[in-house]
>>> print(open('model.tsv').read())   # TSV, C-alpha atoms
chain	number	residue	atom	x	y	z
A	23	MET	CA	-127.96	-0.43	-53.02
A	24	GLU	CA	-125.23	-1.20	-55.54
A	25	ILE	CA	-121.73	-0.98	-54.24
A	26	LYS	CA	-119.43	0.88	-56.56
A	27	LYS	CA	-115.66	0.26	-56.41
A	28	SER	CA	-112.94	2.63	-57.56
A	29	PRO	CA	-110.53	1.13	-60.06
A	30	LYS	CA	-107.63	2.52	-57.88
A	31	ALA	CA	-108.92	0.80	-54.73
A	32	ASP	CA	-109.18	-2.63	-56.35
A	33	LEU	CA	-106.97	-4.95	-54.29
A	34	GLU	CA	-107.21	-7.93	-56.63
A	35	LYS	CA	-105.47	-6.08	-59.41
A	36	GLY	CA	-101.79	-7.14	-59.66
A	37	LYS	CA	-102.06	-9.78	-56.92
A	38	GLY	CA	-100.49	-12.54	-58.99
A	39	LEU	CA	-97.53	-10.34	-60.03
A	40	ASN	CA	-96.74	-9.38	-56.46
A	41	PHE	CA	-96.84	-13.03	-55.40
A	42	LEU	CA	-94.38	-13.98	-58.10
A	43	LEU	CA	-92.01	-11.17	-57.17
A	44	GLY	CA	-92.05	-12.18	-53.53
A	45	LEU	CA	-91.44	-15.78	-54.41
A	46	VAL	CA	-88.45	-14.83	-56.57
A	47	VAL	CA	-86.98	-12.72	-53.83
A	48	ALA	CA	-87.42	-15.51	-51.27
A	49	LEU	CA	-85.80	-18.07	-53.53
A	50	ALA	CA	-82.91	-15.72	-54.20
A	51	VAL	CA	-82.31	-15.24	-50.48
A	52	VAL	CA	-82.41	-18.99	-49.83
A	53	TYR	CA	-80.03	-19.71	-52.68
A	54	VAL	CA	-77.50	-17.12	-51.59
A	55	SER	CA	-77.60	-18.42	-48.03
A	56	LEU	CA	-77.00	-22.01	-49.13
A	57	GLU	CA	-74.14	-21.05	-51.41
A	58	TYR	CA	-72.39	-19.10	-48.62
A	59	ARG	CA	-72.46	-21.98	-46.12
A	60	THR	CA	-71.32	-24.51	-48.70
A	61	TYR	CA	-68.34	-22.32	-49.63
A	62	ASP	CA	-67.33	-21.95	-46.01
A	63	ARG	CA	-67.45	-25.68	-45.30
A	64	THR	CA	-65.62	-26.58	-48.50
A	65	GLU	CA	-62.84	-24.09	-47.87
A	66	ALA	CA	-62.41	-25.19	-44.26
A	67	TYR	CA	-62.41	-28.88	-45.27
A	68	ALA	CA	-59.86	-28.24	-47.99
A	69	ARG	CA	-57.63	-26.25	-45.58
A	70	ASP	CA	-57.81	-28.97	-42.94
A	71	LYS	CA	-57.10	-31.65	-45.49
A	72	VAL	CA	-54.07	-29.80	-46.80
A	73	ASP	CA	-52.69	-29.25	-43.30
A	74	ILE	CA	-53.09	-32.92	-42.33
A	75	ALA	CA	-51.50	-34.06	-45.60
A	76	ASP	CA	-48.55	-31.74	-45.12
A	77	MET	CA	-48.03	-32.95	-41.55
A	78	GLU	CA	-48.13	-36.63	-42.57
A	79	GLU	CA	-45.69	-35.96	-45.40
A	80	THR	CA	-43.35	-34.13	-43.06
A	81	ILE	CA	-43.50	-36.93	-40.53
A	82	LEU	CA	-42.83	-39.55	-43.21
A	83	ILE	CA	-39.90	-37.56	-44.58
A	84	ASN	CA	-38.40	-37.13	-41.13
A	85	GLU	CA	-38.78	-40.86	-40.37
A	86	ASP	CA	-37.28	-41.94	-43.67
A	87	GLN	CA	-34.24	-39.63	-43.57
A	88	PRO	CA	-31.63	-40.64	-40.97
A	89	GLU	CA	-30.27	-38.00	-38.63
A	90	PRO	CA	-26.97	-36.51	-39.78
A	91	GLU	CA	-24.03	-37.77	-37.76
A	92	GLN	CA	-22.38	-35.09	-35.68
A	93	PRO	CA	-18.61	-35.01	-35.96
A	94	GLU	CA	-16.83	-36.07	-32.79
A	95	PRO	CA	-14.93	-33.27	-31.09
A	96	GLU	CA	-11.26	-33.40	-31.82
A	97	GLN	CA	-9.22	-34.21	-28.77
A	98	PRO	CA	-6.13	-32.10	-28.31
A	99	GLN	CA	-3.03	-34.04	-29.09
A	100	GLN	CA	-0.90	-34.53	-26.06
A	101	GLN	CA	2.59	-33.33	-26.67
A	102	GLU	CA	5.19	-35.70	-25.57
A	103	VAL	CA	7.19	-34.22	-22.74
A	104	GLN	CA	10.88	-34.54	-23.18
A	105	LEU	CA	12.34	-35.40	-19.82
A	106	PRO	CA	16.00	-34.86	-19.14
A	107	GLU	CA	18.18	-37.91	-18.84
A	108	GLU	CA	18.23	-37.57	-15.06
A	109	PHE	CA	14.45	-38.10	-14.87
A	110	LYS	CA	13.84	-40.81	-17.55
A	111	VAL	CA	11.96	-43.93	-16.43
A	112	VAL	CA	14.04	-47.10	-16.70
A	113	ASP	CA	13.49	-50.73	-15.94
A	114	ASN	CA	13.70	-51.77	-12.31
A	115	THR	CA	16.36	-54.37	-13.14
A	116	GLN	CA	18.66	-51.80	-14.69
A	117	LYS	CA	21.20	-50.16	-12.45
A	118	VAL	CA	20.98	-46.42	-12.31
A	119	GLU	CA	23.85	-44.27	-11.24
A	120	LYS	CA	22.96	-41.83	-8.58
A	121	ILE	CA	23.51	-38.22	-9.52
A	122	THR	CA	24.46	-35.74	-6.87
A	123	LEU	CA	23.01	-32.33	-7.44
A	124	VAL	CA	25.25	-29.50	-6.36
A	125	SER	CA	23.95	-25.97	-6.31
A	126	ALA	CA	25.90	-23.20	-7.90
A	127	ASP	CA	26.42	-21.53	-4.54
A	128	GLU	CA	27.94	-24.68	-2.97
A	129	SER	CA	30.31	-25.24	-5.88
A	130	ARG	CA	31.95	-21.87	-5.37
A	131	PRO	CA	34.16	-21.26	-2.35
A	132	LEU	CA	32.68	-18.89	0.13
A	133	PRO	CA	34.44	-15.53	0.30
A	134	PRO	CA	36.25	-14.80	3.52
A	135	PRO	CA	34.23	-12.77	5.98
A	136	ALA	CA	34.77	-9.07	5.78
A	137	PRO	CA	36.87	-7.70	8.59
A	138	VAL	CA	34.79	-6.09	11.26
A	139	ALA	CA	35.99	-2.67	12.20
A	140	PRO	CA	36.55	-2.42	15.89
A	141	VAL	CA	33.92	-0.36	17.56
A	142	LYS	CA	35.41	2.38	19.58
A	143	VAL	CA	33.57	2.45	22.86
A	144	VAL	CA	33.68	5.73	24.59
A	145	GLU	CA	34.35	4.98	28.20
A	146	GLU	CA	32.23	6.69	30.74
A	147	GLU	CA	35.40	7.76	32.51
A	148	GLU	CA	36.40	9.98	29.53
A	149	THR	CA	33.10	11.88	29.48
A	150	ILE	CA	33.26	15.47	30.70
A	151	HIS	CA	30.04	16.44	32.46
A	152	GLU	CA	28.64	19.94	32.39
A	153	VAL	CA	26.05	19.36	35.12
A	154	VAL	CA	26.27	16.73	37.85
A	155	GLU	CA	24.45	15.88	41.04
A	156	ASN	CA	27.27	17.23	43.27
A	157	PRO	CA	29.40	19.90	41.49
A	158	ALA	CA	33.16	20.11	41.94
A	159	GLU	CA	34.21	22.45	44.75
A	160	PHE	CA	37.37	24.21	45.90
A	161	PRO	CA	38.47	23.09	49.35
A	162	GLY	CA	36.72	25.43	51.77
A	163	GLY	CA	34.21	26.82	49.23
A	164	ASP	CA	34.07	30.03	47.21
A	165	ALA	CA	35.37	32.25	50.04
A	166	ALA	CA	38.51	30.14	50.38
A	167	LEU	CA	38.94	30.19	46.58
A	168	ASN	CA	38.78	34.00	46.34
A	169	LYS	CA	41.21	34.34	49.24
A	170	TRP	CA	43.64	31.94	47.61
A	171	LEU	CA	43.48	33.78	44.25
A	172	SER	CA	44.11	37.18	45.89
A	173	LYS	CA	47.10	35.80	47.77
A	174	ASN	CA	48.71	34.05	44.77
A	175	LEU	CA	47.83	36.46	41.98
A	176	VAL	CA	50.72	38.60	40.64
A	177	TYR	CA	49.70	41.80	38.84
A	178	PRO	CA	51.86	42.30	35.72
A	179	GLU	CA	53.98	45.51	35.93
A	180	GLN	CA	53.23	46.42	32.31
A	181	ALA	CA	49.50	46.32	33.02
A	182	VAL	CA	50.01	48.39	36.16
A	183	GLU	CA	51.97	51.06	34.23
A	184	MET	CA	49.25	51.19	31.55
A	185	GLY	CA	46.45	51.11	34.12
A	186	ILE	CA	44.79	47.99	32.69
A	187	GLN	CA	42.37	46.19	34.94
A	188	GLY	CA	39.34	43.96	34.56
A	189	ARG	CA	38.12	40.37	34.74
A	190	VAL	CA	39.50	37.36	32.87
A	191	ILE	CA	37.27	34.29	32.61
A	192	VAL	CA	38.99	30.91	32.53
A	193	ARG	CA	37.41	27.53	31.84
A	194	PHE	CA	38.97	24.27	33.04
A	195	VAL	CA	38.25	20.63	33.88
A	196	VAL	CA	38.29	19.14	37.36
A	197	GLU	CA	39.42	15.53	37.00
A	198	ARG	CA	38.19	12.57	39.05
A	199	ASP	CA	41.12	13.00	41.43
A	200	GLY	CA	40.40	16.74	41.82
A	201	SER	CA	43.32	18.02	39.71
A	202	VAL	CA	42.74	20.97	37.34
A	203	THR	CA	43.48	20.44	33.60
A	204	GLN	CA	42.65	21.93	30.16
A	205	ALA	CA	42.55	25.52	31.39
A	206	VAL	CA	41.74	28.06	28.62
A	207	VAL	CA	40.82	31.73	28.55
A	208	VAL	CA	37.32	32.23	27.19
A	209	LYS	CA	37.25	36.00	27.78
A	210	GLY	CA	40.42	38.06	28.12
A	211	ILE	CA	41.33	41.73	28.45
A	212	ASP	CA	45.12	41.85	27.94
A	213	PRO	CA	47.74	39.25	26.96
A	214	ALA	CA	49.73	39.79	30.16
A	215	LEU	CA	46.65	39.55	32.35
A	216	ASP	CA	45.35	36.51	30.43
A	217	LYS	CA	48.67	34.71	30.89
A	218	GLU	CA	48.69	35.42	34.63
A	219	ALA	CA	45.10	34.21	35.00
A	220	LEU	CA	45.96	30.87	33.34
A	221	ARG	CA	49.01	30.45	35.58
A	222	VAL	CA	47.15	31.00	38.81
A	223	ILE	CA	44.27	28.66	37.81
A	224	GLN	CA	46.64	25.85	36.86
A	225	ALA	CA	48.49	26.32	40.17
A	226	MET	CA	45.38	25.77	42.29
A	227	PRO	CA	45.36	22.84	44.71
A	228	LYS	CA	43.17	19.85	44.03
A	229	TRP	CA	39.45	20.40	44.12
A	230	LYS	CA	36.80	18.18	45.59
A	231	PRO	CA	35.72	16.19	42.47
A	232	GLY	CA	32.17	16.21	41.17
A	233	MET	CA	29.97	13.23	41.99
A	234	GLN	CA	27.41	11.51	39.75
A	235	GLN	CA	25.42	8.50	41.03
A	236	GLY	CA	27.81	8.08	43.94
A	237	ARG	CA	31.10	8.09	41.99
A	238	ALA	CA	33.63	10.72	40.98
A	239	VAL	CA	33.40	12.06	37.41
A	240	ARG	CA	35.13	14.67	35.28
A	241	VAL	CA	33.41	18.06	35.50
A	242	ARG	CA	33.88	21.25	33.51
A	243	ALA	CA	34.05	24.47	35.56
A	244	THR	CA	34.43	28.21	34.91
A	245	GLN	CA	36.20	30.70	37.16
A	246	PRO	CA	36.57	34.49	36.77
A	247	VAL	CA	39.92	36.06	37.83
A	248	LEU	CA	39.62	39.75	38.88
A	249	PHE	CA	42.47	42.25	38.33
A	250	ARG	CA	41.91	45.53	40.18
A	251	LEU	CA	44.35	48.39	40.83
A	252	GLN	CA	44.34	49.96	44.30
>>> encode(input="model.tsv", output="structure tokens")
Amino acid sequence: MEIKKSPKADLEKGKGLNFLLGLVVALAVVYVSLEYRTYDRTEAYARDKVDIADMEETILINEDQPEPEQPEPEQPQQQEVQLPEEFKVVDNTQKVEKITLVSADESRPLPPPAPVAPVKVVEEEETIHEVVENPAEFPGGDAALNKWLSKNLVYPEQAVEMGIQGRVIVRFVVERDGSVTQAVVVKGIDPALDKEALRVIQAMPKWKPGMQQGRAVRVRATQPVLFRLQ
């Protein structure tokens, strides 16, 4: 039986052309790959070479050029201190006159001390007490005092004719010896009655003086004098 082949199914047709095309493509790929690697190595080598050359040149330049000298800091000029003549340094062999320093206060005479005003001391004996431990008392007490006033009181005729009566209050001081002084009317009713009240109070006998801390003192007292018509 004769085998018949279709011209379209013939595999040998175009075999040489396909081989050539594949070979060209393979060569192209190999060439491109080689060119890429060579470029990378060349560029890296050139970059490294340039960097090393620059570093060596920099090092050589730095070694050849001397370091610039830094200016020394200026020291502040010390000002010469002018000492007064009293404090100048002299040779030990030279005689120096001693200078006596006198303060301004010592050179002036001191003013005389101001006169001290005498301090007036109020003596305890001159103090008039209002309240004491033992008050001043009429000899015999209040009953004896009222009896004595009634016996020695003289009613003014003018006041009797006018019918004036009332109470006059008199204040006085009982001294350390019991005598009565500084009698004054603190509440009056009539000039004639006030005058008679002062007279009878000043005429009283000595009182028993007031006592403070075991000694006699001056005491102020008040006594009413009653004027009554019968």
>>> atom_distance(input="model.tsv", atom1="CA of Glu183 (chain A)", atom2="CA of Leu167 (chain A)")
27.5 Å
>>> residues_around(input="model.tsv", residues="Arg242 (chain A)", least_positions_apart="6", cutoff="7 Å", atoms="only C-alpha atoms", output="MDAnalysis selection string")
chainID A and resid 150:152 194:196
>>> closest_residue(input="model.tsv", among="A:Gly163, A:Gly38, A:Ala219, A:Val52", to="Tyr177 (chain A)", atoms="only C-alpha atoms")
A:Ala219
>>> closest_residue(input="model.tsv", among="A:Gly185, A:Pro161, A:Gln204, A:Asn174", to="Thr244 (chain A)", atoms="only C-alpha atoms")
A:Gln204
>>> closest_residue(input="model.tsv", among="A:Pro157, A:Gly162, A:Pro178, A:Pro231", to="Arg250 (chain A)", atoms="all atoms listed in the file")
A:Pro178
>>> residues_around(input="model.tsv", residues="Met226 (chain A)", least_positions_apart="4", cutoff="9 Å", atoms="only C-alpha atoms", output="MDAnalysis selection string")
chainID A and resid 160 167 170:171 201:202 221:222
>>> atom_distance(input="model.tsv", atom1="CA of Ala158 (chain A)", atom2="CA of Met233 (chain A)")
7.6 Å
>>> atom_distance(input="model.tsv", atom1="CA of Lys230 (chain A)", atom2="CA of Gly210 (chain A)")
26.7 Å
>>> residues_near_point(input="model.tsv", point="(43.9, 26.3, 29.7)", cutoff="8 Å", atoms="only C-alpha atoms", output="JSON, numbers by chain")
{"A": [192, 193, 194, 203, 204, 205, 206, 207, 220, 224]}
>>> write_last_selection(input="model.tsv", atoms="C-alpha atoms", output="PDB file, in the coordinates of the input")
ATOM      1  CA  VAL A 192      38.990  30.910  32.530  1.00  0.00           C
ATOM      2  CA  ARG A 193      37.410  27.530  31.840  1.00  0.00           C
ATOM      3  CA  PHE A 194      38.970  24.270  33.040  1.00  0.00           C
ATOM      4  CA  THR A 203      43.480  20.440  33.600  1.00  0.00           C
ATOM      5  CA  GLN A 204      42.650  21.930  30.160  1.00  0.00           C
ATOM      6  CA  ALA A 205      42.550  25.520  31.390  1.00  0.00           C
ATOM      7  CA  VAL A 206      41.740  28.060  28.620  1.00  0.00           C
ATOM      8  CA  VAL A 207      40.820  31.730  28.550  1.00  0.00           C
ATOM      9  CA  LEU A 220      45.960  30.870  33.340  1.00  0.00           C
ATOM     10  CA  GLN A 224      46.640  25.850  36.860  1.00  0.00           C
TER      11      GLN A 224
END
>>> build_atoms(input="model.tsv", residues="region 181-193 of chain A", atoms="N, CA and C atoms", output="short mmCIF file (atom, residue, chain, number, x, y, z; two decimals), in the coordinates of the input")
data_model
loop_
_atom_site.label_atom_id
_atom_site.label_comp_id
_atom_site.auth_asym_id
_atom_site.auth_seq_id
_atom_site.Cartn_x
_atom_site.Cartn_y
_atom_site.Cartn_z
N ALA A 181 50.91 45.98 32.91
CA ALA A 181 49.50 46.32 33.02
C ALA A 181 49.28 47.40 34.08
N VAL A 182 50.14 47.36 35.13
CA VAL A 182 50.01 48.39 36.16
C VAL A 182 50.39 49.74 35.59
N GLU A 183 51.51 49.81 34.82
CA GLU A 183 51.97 51.06 34.23
C GLU A 183 50.92 51.63 33.26
N MET A 184 50.24 50.74 32.54
CA MET A 184 49.25 51.19 31.55
C MET A 184 47.87 51.34 32.18
N GLY A 185 47.72 50.96 33.43
CA GLY A 185 46.45 51.11 34.12
C GLY A 185 45.37 50.17 33.61
N ILE A 186 45.77 48.97 33.22
CA ILE A 186 44.79 47.99 32.69
C ILE A 186 44.29 47.14 33.85
N GLN A 187 42.98 47.03 33.93
CA GLN A 187 42.37 46.19 34.94
C GLN A 187 41.06 45.60 34.36
N GLY A 188 40.56 44.60 35.05
CA GLY A 188 39.34 43.96 34.56
C GLY A 188 39.23 42.51 35.04
N ARG A 189 38.40 41.75 34.33
CA ARG A 189 38.12 40.37 34.74
C ARG A 189 38.41 39.43 33.57
N VAL A 190 39.18 38.40 33.85
CA VAL A 190 39.50 37.36 32.87
C VAL A 190 38.76 36.10 33.28
N ILE A 191 38.06 35.51 32.33
CA ILE A 191 37.27 34.29 32.61
C ILE A 191 38.02 33.09 32.04
N VAL A 192 38.23 32.10 32.90
CA VAL A 192 38.99 30.91 32.53
C VAL A 192 38.08 29.68 32.73
N ARG A 193 38.16 28.79 31.74
CA ARG A 193 37.41 27.53 31.84
C ARG A 193 38.40 26.38 31.96
#
